[in-house]
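Structure file data-v8.cif with mmCIF, C-alpha atoms:
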```
data_protein
loop_
_atom_site.label_atom_id
_atom_site.label_comp_id
_atom_site.auth_asym_id
_atom_site.auth_seq_id
_atom_site.Cartn_x
_atom_site.Cartn_y
_atom_site.Cartn_z
CA MET A 46 0.00 0.00 0.00
CA VAL A 47 2.86 2.37 0.91
CA ARG A 48 4.57 1.63 -2.41
CA VAL A 49 1.38 2.42 -4.33
CA VAL A 50 1.04 5.75 -2.54
CA LEU A 51 4.70 6.63 -3.17
CA LYS A 52 4.51 5.58 -6.82
CA HIS A 53 1.26 7.35 -7.63
CA GLY A 54 1.32 10.02 -4.94
CA LYS A 55 1.69 12.83 -7.45
CA TRP A 56 -1.42 11.76 -9.37
CA ILE A 57 -3.40 11.24 -6.17
CA GLY A 58 -2.42 14.75 -5.15
CA TYR A 59 -3.59 16.12 -8.51
CA VAL A 60 -6.95 14.37 -8.10
CA ILE A 61 -7.43 15.71 -4.57
CA TYR A 62 -6.41 19.19 -5.69
CA THR A 63 -8.84 19.06 -8.63
CA VAL A 64 -11.72 17.93 -6.41
CA LEU A 65 -11.03 20.64 -3.84
CA LEU A 66 -10.64 23.32 -6.50
CA THR A 67 -13.87 22.29 -8.24
CA THR A 68 -15.74 22.23 -4.94
CA GLY A 69 -14.35 25.62 -3.96
CA LEU A 70 -15.31 27.19 -7.28
CA LEU A 71 -18.77 25.66 -7.08
CA TYR A 72 -19.36 27.16 -3.66
CA TYR A 73 -17.84 30.50 -4.67
CA ARG A 74 -19.75 30.72 -7.96
CA PHE A 75 -22.91 29.06 -6.67
CA PRO A 76 -25.80 30.08 -9.01
CA SER A 77 -28.19 31.02 -6.22
CA ASN A 78 -30.21 33.53 -8.28
CA THR A 79 -30.67 31.04 -11.14
CA ILE A 80 -31.82 28.26 -8.81
CA LYS A 81 -34.12 30.66 -6.95
CA ALA A 82 -35.77 31.81 -10.19
CA TYR A 83 -36.21 28.20 -11.32
CA LEU A 84 -37.88 27.12 -8.06
CA VAL A 85 -40.22 30.13 -8.02
CA SER A 86 -41.23 29.34 -11.62
CA GLU A 87 -41.84 25.64 -10.90
CA VAL A 88 -44.00 26.37 -7.85
CA ALA A 89 -46.02 28.93 -9.82
CA GLU A 90 -46.92 26.22 -12.36
CA ALA A 91 -48.00 23.70 -9.73
CA ASN A 92 -51.60 22.59 -9.33
CA PRO A 93 -52.96 24.54 -7.55
CA PRO A 94 -50.69 27.49 -8.43
CA MET A 95 -48.60 28.67 -5.49
CA VAL A 96 -46.25 31.50 -4.60
CA LEU A 97 -42.78 30.75 -3.24
CA SER A 98 -40.59 33.41 -1.68
CA LEU A 99 -37.29 33.08 0.14
CA GLN A 100 -34.69 35.48 1.39
CA THR A 101 -31.70 33.61 0.02
CA LEU A 102 -30.19 30.19 -0.63
CA ARG A 103 -26.61 29.02 -0.29
CA PRO A 104 -24.55 25.85 -0.62
CA SER A 105 -23.96 23.74 2.50
CA PHE A 106 -21.66 20.96 3.60
CA PRO A 107 -22.13 17.99 3.25
CA PRO A 108 -23.05 19.00 -0.32
CA GLY A 109 -26.53 20.44 -0.30
CA VAL A 110 -28.49 23.69 -0.22
CA ASP A 111 -29.70 25.87 2.67
CA PHE A 112 -32.85 27.93 2.11
CA ILE A 113 -33.35 30.92 4.43
CA ASP A 114 -36.73 32.42 5.41
CA VAL A 115 -38.96 30.32 3.14
CA ARG A 116 -42.63 31.16 2.59
CA LEU A 117 -45.20 29.23 0.55
CA ALA A 118 -48.75 30.40 -0.19
CA LEU A 119 -51.58 29.80 -2.62
CA ARG A 120 -51.69 32.26 -5.50
CA GLU A 121 -55.31 33.08 -4.61
CA THR A 122 -54.30 34.12 -1.08
CA PRO A 123 -50.64 35.18 -1.30
CA GLN A 124 -50.72 36.93 2.09
CA GLN A 125 -51.75 33.75 3.95
CA ASP A 126 -48.82 31.37 4.39
CA LEU A 127 -49.39 27.67 3.88
CA MET A 128 -45.94 27.17 5.33
CA ARG A 129 -43.16 29.36 6.66
CA ALA A 130 -39.75 28.14 7.77
CA THR A 131 -36.81 30.01 9.22
CA SER A 132 -34.47 27.64 7.38
CA ILE A 133 -34.59 24.45 5.31
CA SER A 134 -31.54 22.32 4.55
CA ILE A 135 -31.74 19.81 1.68
CA ILE A 136 -28.96 17.26 1.13
CA PRO A 137 -29.14 14.73 -1.74
CA ALA A 138 -28.36 11.12 -0.83
CA ALA A 139 -25.60 10.48 -3.37
CA TRP A 140 -25.91 6.69 -3.30
CA SER A 141 -29.63 6.85 -4.24
CA PHE A 142 -28.90 8.39 -7.64
CA LEU A 143 -27.14 5.19 -8.71
CA SER A 144 -30.42 3.29 -8.34
CA GLY A 145 -32.39 5.76 -10.44
CA GLU A 146 -34.56 6.71 -7.45
CA PRO A 147 -33.17 10.01 -6.14
CA GLN A 148 -33.62 10.73 -2.45
CA TYR A 149 -33.29 14.05 -0.67
CA ASN A 150 -32.84 14.41 3.08
CA PHE A 151 -34.20 17.58 4.67
CA ASP A 152 -34.08 19.38 8.00
CA ALA A 153 -36.22 22.46 8.64
CA HIS A 154 -36.74 24.87 11.51
CA ALA A 155 -40.30 26.21 11.61
CA TYR A 156 -42.76 27.48 14.23
CA ASP A 157 -40.12 27.13 16.97
CA GLY A 158 -39.74 23.42 16.21
CA ASN A 159 -37.99 21.03 13.84
CA ILE A 160 -39.12 18.99 10.84
CA GLU A 161 -36.75 16.38 9.44
CA GLY A 162 -36.97 13.41 7.14
CA HIS A 163 -36.52 12.47 3.50
CA VAL A 164 -38.38 12.28 0.20
CA ARG A 165 -37.65 9.66 -2.47
CA PHE A 166 -38.80 9.86 -6.12
CA GLU A 167 -39.43 6.81 -8.30
CA ARG A 168 -37.54 8.27 -11.25
CA TYR A 169 -35.84 11.38 -12.59
CA ALA A 170 -38.86 13.55 -13.44
CA THR A 171 -40.64 16.50 -11.89
CA ASP A 172 -43.95 14.60 -12.05
CA ALA A 173 -42.59 11.32 -10.62
CA PRO A 174 -44.49 9.62 -7.76
CA PHE A 175 -42.79 10.07 -4.41
CA ALA A 176 -42.67 8.70 -0.87
CA THR A 177 -41.69 10.65 2.22
CA SER A 178 -41.08 10.10 5.92
CA VAL A 179 -41.31 13.09 8.24
CA ARG A 180 -40.54 13.51 11.94
CA LEU A 181 -41.99 16.49 13.81
CA ASN A 182 -40.73 17.88 17.09
CA GLY A 183 -41.75 20.94 19.09
CA ILE A 184 -43.97 22.57 16.42
CA HIS A 185 -46.11 25.33 17.95
CA ILE A 186 -49.29 24.99 15.91
CA GLY A 187 -50.73 28.23 17.26
CA TYR A 188 -48.12 30.10 15.22
CA HIS A 189 -49.50 28.64 11.97
CA PRO A 190 -52.08 31.11 10.56
CA TYR A 191 -53.49 28.74 7.92
CA LEU A 192 -54.50 26.13 10.50
CA ALA A 193 -56.79 28.54 12.33
CA SER A 194 -58.35 29.55 9.01
CA LEU A 195 -58.82 25.91 8.00
CA VAL A 196 -60.69 24.80 11.13
CA GLY A 197 -62.38 28.17 11.67
CA ARG A 198 -61.14 28.80 15.23
CA GLU A 199 -58.05 29.50 17.27
CA VAL A 200 -55.90 26.50 18.17
CA SER A 201 -52.76 26.07 20.23
CA GLY A 202 -50.37 23.35 21.35
CA VAL A 203 -46.98 21.77 20.73
CA LEU A 204 -46.95 19.15 17.98
CA GLY A 205 -44.75 16.08 17.61
CA GLY A 206 -44.95 12.76 15.79
CA ALA A 207 -44.07 10.86 12.64
CA ILE A 208 -45.77 10.62 9.23
CA HIS A 209 -45.15 8.30 6.26
CA PHE A 210 -46.82 9.27 2.99
CA ALA A 211 -46.70 8.34 -0.71
CA ALA A 212 -48.51 9.95 -3.64
CA GLN A 213 -48.31 11.16 -7.21
CA GLN A 214 -47.47 14.77 -7.95
CA ASN A 215 -50.47 17.14 -7.72
CA LYS A 216 -52.66 14.32 -6.35
CA PHE A 217 -51.83 14.54 -2.68
CA ILE A 218 -55.30 13.76 -1.30
CA GLU A 219 -55.34 10.56 -3.37
CA GLY A 220 -52.13 9.33 -1.73
CA ALA A 221 -51.67 6.75 1.02
CA GLY A 222 -49.91 6.83 4.35
CA GLN A 223 -50.05 6.57 8.10
CA GLY A 224 -48.85 8.52 11.08
CA THR A 225 -48.90 9.17 14.80
CA ILE A 226 -49.41 12.67 16.15
CA VAL A 227 -49.18 13.99 19.71
CA ILE A 228 -50.19 17.53 20.74
CA SER A 229 -49.33 18.63 24.26
CA ASP A 230 -50.46 21.65 26.31
CA GLY A 231 -53.05 22.60 23.71
CA GLY A 232 -56.50 24.04 23.38
CA PHE A 233 -59.12 25.35 20.96
CA LYS A 234 -62.29 27.39 21.02
CA LEU A 235 -65.64 25.69 20.53
CA LEU A 236 -68.15 27.05 18.03
CA GLU A 237 -70.92 26.27 20.52
CA PRO A 238 -70.72 25.54 24.27
CA ILE A 239 -70.40 21.84 25.13
CA LEU A 240 -71.10 20.70 28.69
CA GLY A 241 -71.00 24.35 29.66
CA LEU A 242 -67.56 24.97 28.13
CA ASP A 243 -66.87 27.54 25.40
CA SER A 244 -63.26 26.41 24.98
CA LEU A 245 -61.31 23.25 25.64
CA THR A 246 -57.78 22.86 26.96
CA PHE A 247 -55.90 19.60 27.31
CA GLU A 248 -52.59 18.25 28.50
CA ARG A 249 -52.24 15.64 25.77
CA LEU A 250 -54.01 14.75 22.54
CA SER A 251 -52.73 11.64 20.75
CA MET A 252 -53.85 10.42 17.34
CA GLU A 253 -53.18 7.37 15.17
CA MET A 254 -54.27 7.85 11.56
CA SER A 255 -54.07 6.40 8.07
CA LEU A 256 -54.93 7.69 4.59
CA ARG A 257 -56.20 5.75 1.58
CA ASP A 258 -58.60 6.50 -1.29
CA ARG A 259 -59.23 10.07 -0.13
CA LYS A 260 -60.32 8.81 3.28
CA LEU A 261 -58.39 9.85 6.38
CA SER A 262 -59.12 7.26 9.06
CA LEU A 263 -58.66 8.27 12.69
CA ASN A 264 -58.07 4.90 14.25
CA ARG A 265 -57.51 6.05 17.80
CA VAL A 266 -57.74 9.55 19.23
CA GLN A 267 -57.35 10.11 22.97
CA LEU A 268 -57.66 13.38 24.86
CA ASP A 269 -56.55 13.93 28.45
CA GLY A 270 -57.08 17.18 30.29
CA LYS A 271 -57.93 18.61 33.69
CA THR A 272 -61.57 19.23 32.79
CA LEU A 273 -62.29 16.51 30.26
CA LYS A 274 -61.08 13.22 28.86
CA GLY A 275 -62.34 11.46 25.79
CA GLU A 276 -61.84 9.09 22.88
CA LEU A 277 -62.66 9.43 19.20
CA SER A 278 -62.57 7.38 16.00
CA GLY A 279 -63.97 7.58 12.49
CA HIS A 280 -62.91 9.06 9.18
CA VAL A 281 -62.68 12.27 7.17
CA THR A 282 -63.48 12.23 3.45
CA LEU A 283 -61.04 14.69 1.95
CA ASN A 284 -61.98 17.42 -0.49
CA ALA A 285 -59.62 19.44 -2.69
CA ASP A 286 -60.76 22.38 -0.56
CA LEU A 287 -59.74 20.96 2.80
CA SER A 288 -62.15 23.16 4.74
CA ARG A 289 -65.01 21.32 2.95
CA SER A 290 -63.81 17.83 3.85
CA ARG A 291 -66.62 15.69 5.31
CA LEU A 292 -66.50 14.50 8.93
CA ASP A 293 -67.91 11.20 10.20
CA LEU A 294 -66.62 10.74 13.73
CA LYS A 295 -67.87 9.04 16.90
CA GLY A 296 -66.55 9.25 20.41
CA THR A 297 -67.12 9.51 24.13
CA MET A 298 -66.28 12.23 26.61
CA GLU A 299 -66.24 12.35 30.38
CA PRO A 300 -66.14 15.59 32.39
CA LEU A 301 -63.71 15.70 35.30
CA GLY A 302 -63.69 17.60 38.58
CA GLY A 303 -62.32 20.84 37.16
CA ILE A 304 -65.01 21.31 34.53
CA PHE A 305 -67.19 23.72 36.44
CA GLY A 306 -64.54 26.31 37.25
CA ASN A 307 -65.13 28.39 34.09
CA SER A 308 -68.40 26.90 32.85
CA LYS A 309 -70.77 28.95 30.74
CA GLY A 310 -74.17 27.98 29.48
CA ASP A 311 -77.73 27.22 30.57
CA ALA A 312 -78.09 27.33 34.38
CA ALA A 313 -80.55 24.42 34.51
CA ALA A 314 -78.22 22.24 32.44
CA LEU A 315 -75.31 23.05 34.74
CA ARG A 316 -77.36 22.06 37.81
CA ILE A 317 -78.01 18.66 36.24
CA LEU A 318 -74.31 18.22 35.44
CA ARG A 319 -73.36 18.97 39.04
CA GLN A 320 -75.49 16.09 40.36
CA GLY A 321 -72.74 13.55 39.73
CA LEU A 322 -69.71 13.38 37.46
CA THR A 323 -69.73 9.57 37.51
CA LYS A 324 -72.87 9.59 35.35
CA LEU A 325 -71.66 12.10 32.81
CA LYS A 326 -69.78 9.90 30.35
CA ARG A 327 -71.54 10.67 27.08
CA SER A 328 -71.34 9.42 23.51
CA PHE A 329 -71.37 11.88 20.63
CA VAL A 330 -70.96 12.23 16.88
CA ILE A 331 -69.28 14.93 14.79
CA GLN A 332 -70.46 15.38 11.22
CA GLY A 333 -70.50 18.22 8.71
CA THR A 334 -67.21 19.75 7.50
CA PHE A 335 -64.05 21.24 8.99
CA ARG A 336 -65.53 24.67 8.33
CA LYS A 337 -68.97 23.86 9.76
CA PRO A 338 -68.77 20.84 12.05
CA GLN A 339 -72.00 19.50 13.57
CA PHE A 340 -71.69 18.14 17.12
CA LYS A 341 -74.46 16.03 18.66
CA PHE A 342 -74.79 13.91 21.80
CA LEU A 343 -76.32 10.45 21.39
#
```

Kindly transcribe the structure held in the file into structure tokens.
Amino acid sequence: MVRVVLKHGKWIGYVIYTVLLTTGLLYYRFPSNTIKAYLVSEVAEANPPMVLSLQTLRPSFPPGVDFIDVRLALRETPQQDLMRATSISIIPAAWSFLSGEPQYNFDAHAYDGNIEGHVRFERYATDAPFATSVRLNGIHIGYHPYLASLVGREVSGVLGGAIHFAAQQNKFIEGAGQGTIVISDGGFKLLEPILGLDSLTFERLSMEMSLRDRKLSLNRVQLDGKTLKGELSGHVTLNADLSRSRLDLKGTMEPLGGIFGNSKGDAAALRILRQGLTKLKRSFVIQGTFRKPQFKFL
């Protein structure tokens, strides 16, 4: 081995020098404006059309690209962000290109939390089917303006979990996948008082879900809080306009000792509720849409 190095050391040095020089020139002459213009153009031609803006992009090491202050919105509502990230790092998995199925690893910082994972395409084409795995940690959902608009009320909490999803380009709601989501220290306002409450806070909301044939199945949803605990299952039939997706959910809820501290509602109903919490476990259904849900006790 030593003899090989001594004999061909000059050529090895040339190769190393060439690689370093090429890498240095690439980083120094990185075509950030050209890449930025290309990405903005591609996003504008998506279905539905979207608007992409970012402060800057720059090369990273290991070889990849860092995007700074990224914003994505629908063209119809450019002032309402679908997504905003402080930074996104994308690093190609070099070995995957040999198989003809390119994979890109990503790591993003958004809403005071982190999103990391990878996306793999079936072939070299902008319209190729893809599969992705995403891990979420510490995402403050109350900072996301589109979520409140989607469900029609204020929401808060810290989101974590993992999602696996596969679909064809521009046909996301027809894809398939599964995931587990946990929201801690959260809450949301109710459109109408339920059990005397006009808002609901919880310590933990966990959800197991799967997606297939435009149907999002909620296999197991559990809520634990100081005033209420409950379970939920059912499915959501997705619509291209997510706010119009149809709900078909069933569950049970049980008020706990702290429920009457801030109760609002009909005085007679509250007197009945105070007679005994052990008898208050109730079944319910949620139908309608995300925008206009219909809640009813059974």

Specify as an MDAnalysis selection string each residue included when the PyMOL selection byres ((chain A and resi 204-212) around 7) is applied to this file.
chainID A and resid 174:186 202:203 213:214 216:217 219:229

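The interatomic distance for the pair CA of Ser255 (chain A) and CA of Ser141 (chain A) works out to 27.4 Å.
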
Test item: which residues lie within 8 Å of (-67.5, 16.9, 7.2) counting all atoms listed in the file, as number ranges by chain: A: 281-282, 289-293, 332-335, 337-338

Between CA of Leu277 (chain A) and CA of Arg265 (chain A) lies a distance of 6.3 Å

Using all atoms listed in the file, the shortest atom-to-atom distance to Gln339 (chain A) among A:Leu301, A:Asp111, A:Ile160, A:Leu235 belongs to A:Leu235

| message | Could you tell me how far CA of Leu97 (chain A) sits from CA of Ala153 (chain A), in Å to one decimal place? | response |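 CA of Leu97 (chain A) lies at a distance of 15.9 Å from CA of Ala153 (chain A).
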
Quick one: residues within 7 Å of region 247-251 of chain A, all atoms listed in the file, excluding same-chain residues fewer than 2 positions away - as a PyMOL selection string? chain A and resi 226-232+245+266-271

Expected file contents, prior selection, C-alpha atoms, as a PDB file, keeping the file's coordinate frame:
```pdb
ATOM      1  CA  ILE A 226     -49.410  12.670  16.150  1.00  0.00           C
ATOM      2  CA  VAL A 227     -49.180  13.990  19.710  1.00  0.00           C
ATOM      3  CA  ILE A 228     -50.190  17.530  20.740  1.00  0.00           C
ATOM      4  CA  SER A 229     -49.330  18.630  24.260  1.00  0.00           C
ATOM      5  CA  ASP A 230     -50.460  21.650  26.310  1.00  0.00           C
ATOM      6  CA  GLY A 231     -53.050  22.600  23.710  1.00  0.00           C
ATOM      7  CA  GLY A 232     -56.500  24.040  23.380  1.00  0.00           C
ATOM      8  CA  LEU A 245     -61.310  23.250  25.640  1.00  0.00           C
ATOM      9  CA  VAL A 266     -57.740   9.550  19.230  1.00  0.00           C
ATOM     10  CA  GLN A 267     -57.350  10.110  22.970  1.00  0.00           C
ATOM     11  CA  LEU A 268     -57.660  13.380  24.860  1.00  0.00           C
ATOM     12  CA  ASP A 269     -56.550  13.930  28.450  1.00  0.00           C
ATOM     13  CA  GLY A 270     -57.080  17.180  30.290  1.00  0.00           C
ATOM     14  CA  LYS A 271     -57.930  18.610  33.690  1.00  0.00           C
TER      15      LYS A 271
END
```

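Using only C-alpha atoms for every distance, the candidate list A:Met254, A:Leu283, A:Met95, A:Ala155 yields A:Ala155 as the residue closest to Val115 (chain A).
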
Need the shell around Asn264 (chain A): protein/DNA/RNA residues with any atom at most 6 Å away, counting all atoms listed in the file. Skip same-chain ones fewer than 2 positions apart. Format as number ranges by chain?
A: 253-254, 262, 278

Evaluate the PyMOL selection byres ((chain A and resi 194) around 12) on the structure here and hand back the selected residues as an mmCIF file with C-alpha atoms, keeping the file's coordinate frame.
```cif
data_model
loop_
_atom_site.group_PDB
_atom_site.id
_atom_site.type_symbol
_atom_site.label_atom_id
_atom_site.label_comp_id
_atom_site.auth_asym_id
_atom_site.auth_seq_id
_atom_site.Cartn_x
_atom_site.Cartn_y
_atom_site.Cartn_z
ATOM 1 C CA THR A 122 -54.300 34.120 -1.080
ATOM 2 C CA GLN A 125 -51.750 33.750 3.950
ATOM 3 C CA ASP A 126 -48.820 31.370 4.390
ATOM 4 C CA LEU A 127 -49.390 27.670 3.880
ATOM 5 C CA GLY A 187 -50.730 28.230 17.260
ATOM 6 C CA TYR A 188 -48.120 30.100 15.220
ATOM 7 C CA HIS A 189 -49.500 28.640 11.970
ATOM 8 C CA PRO A 190 -52.080 31.110 10.560
ATOM 9 C CA TYR A 191 -53.490 28.740 7.920
ATOM 10 C CA LEU A 192 -54.500 26.130 10.500
ATOM 11 C CA ALA A 193 -56.790 28.540 12.330
ATOM 12 C CA LEU A 195 -58.820 25.910 8.000
ATOM 13 C CA VAL A 196 -60.690 24.800 11.130
ATOM 14 C CA GLY A 197 -62.380 28.170 11.670
ATOM 15 C CA ARG A 198 -61.140 28.800 15.230
ATOM 16 C CA GLU A 199 -58.050 29.500 17.270
ATOM 17 C CA VAL A 200 -55.900 26.500 18.170
ATOM 18 C CA LEU A 287 -59.740 20.960 2.800
ATOM 19 C CA SER A 288 -62.150 23.160 4.740
ATOM 20 C CA PHE A 335 -64.050 21.240 8.990
ATOM 21 C CA ARG A 336 -65.530 24.670 8.330
#
```

*the PyMOL selection byres ((chain A and resi 300) around 6) resolved against shown file, as a ChimeraX atom specification*: /A:272-273,299,301

Ala89 (chain A) proximity check over A:Leu261, A:Met298, A:Met128, A:Ala118, using all atoms listed in the file: winner is A:Ala118

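Nearest to Asn150 (chain A) of all the residues A:Ala173, A:Val110, A:Leu256, A:Leu263 is A:Val110, based on all atoms listed in the file.
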
With 7 Å as the threshold, what does the neighbourhood of (-73.5, 16.1, 17.8) contain in terms of residues, counting all atoms listed in the file? Coordinates are those of the file; answer as a PyMOL selection string. chain A and resi 329-331+339-342

Ala139 (chain A) proximity check over A:Ser244, A:Lys81, A:Pro107, A:Val88, using all atoms listed in the file: winner is A:Pro107

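Nearest to Asp258 (chain A) of all the residues A:Thr297, A:Asn284, A:Ser132, A:Gln124 is A:Asn284, counting all atoms listed in the file.
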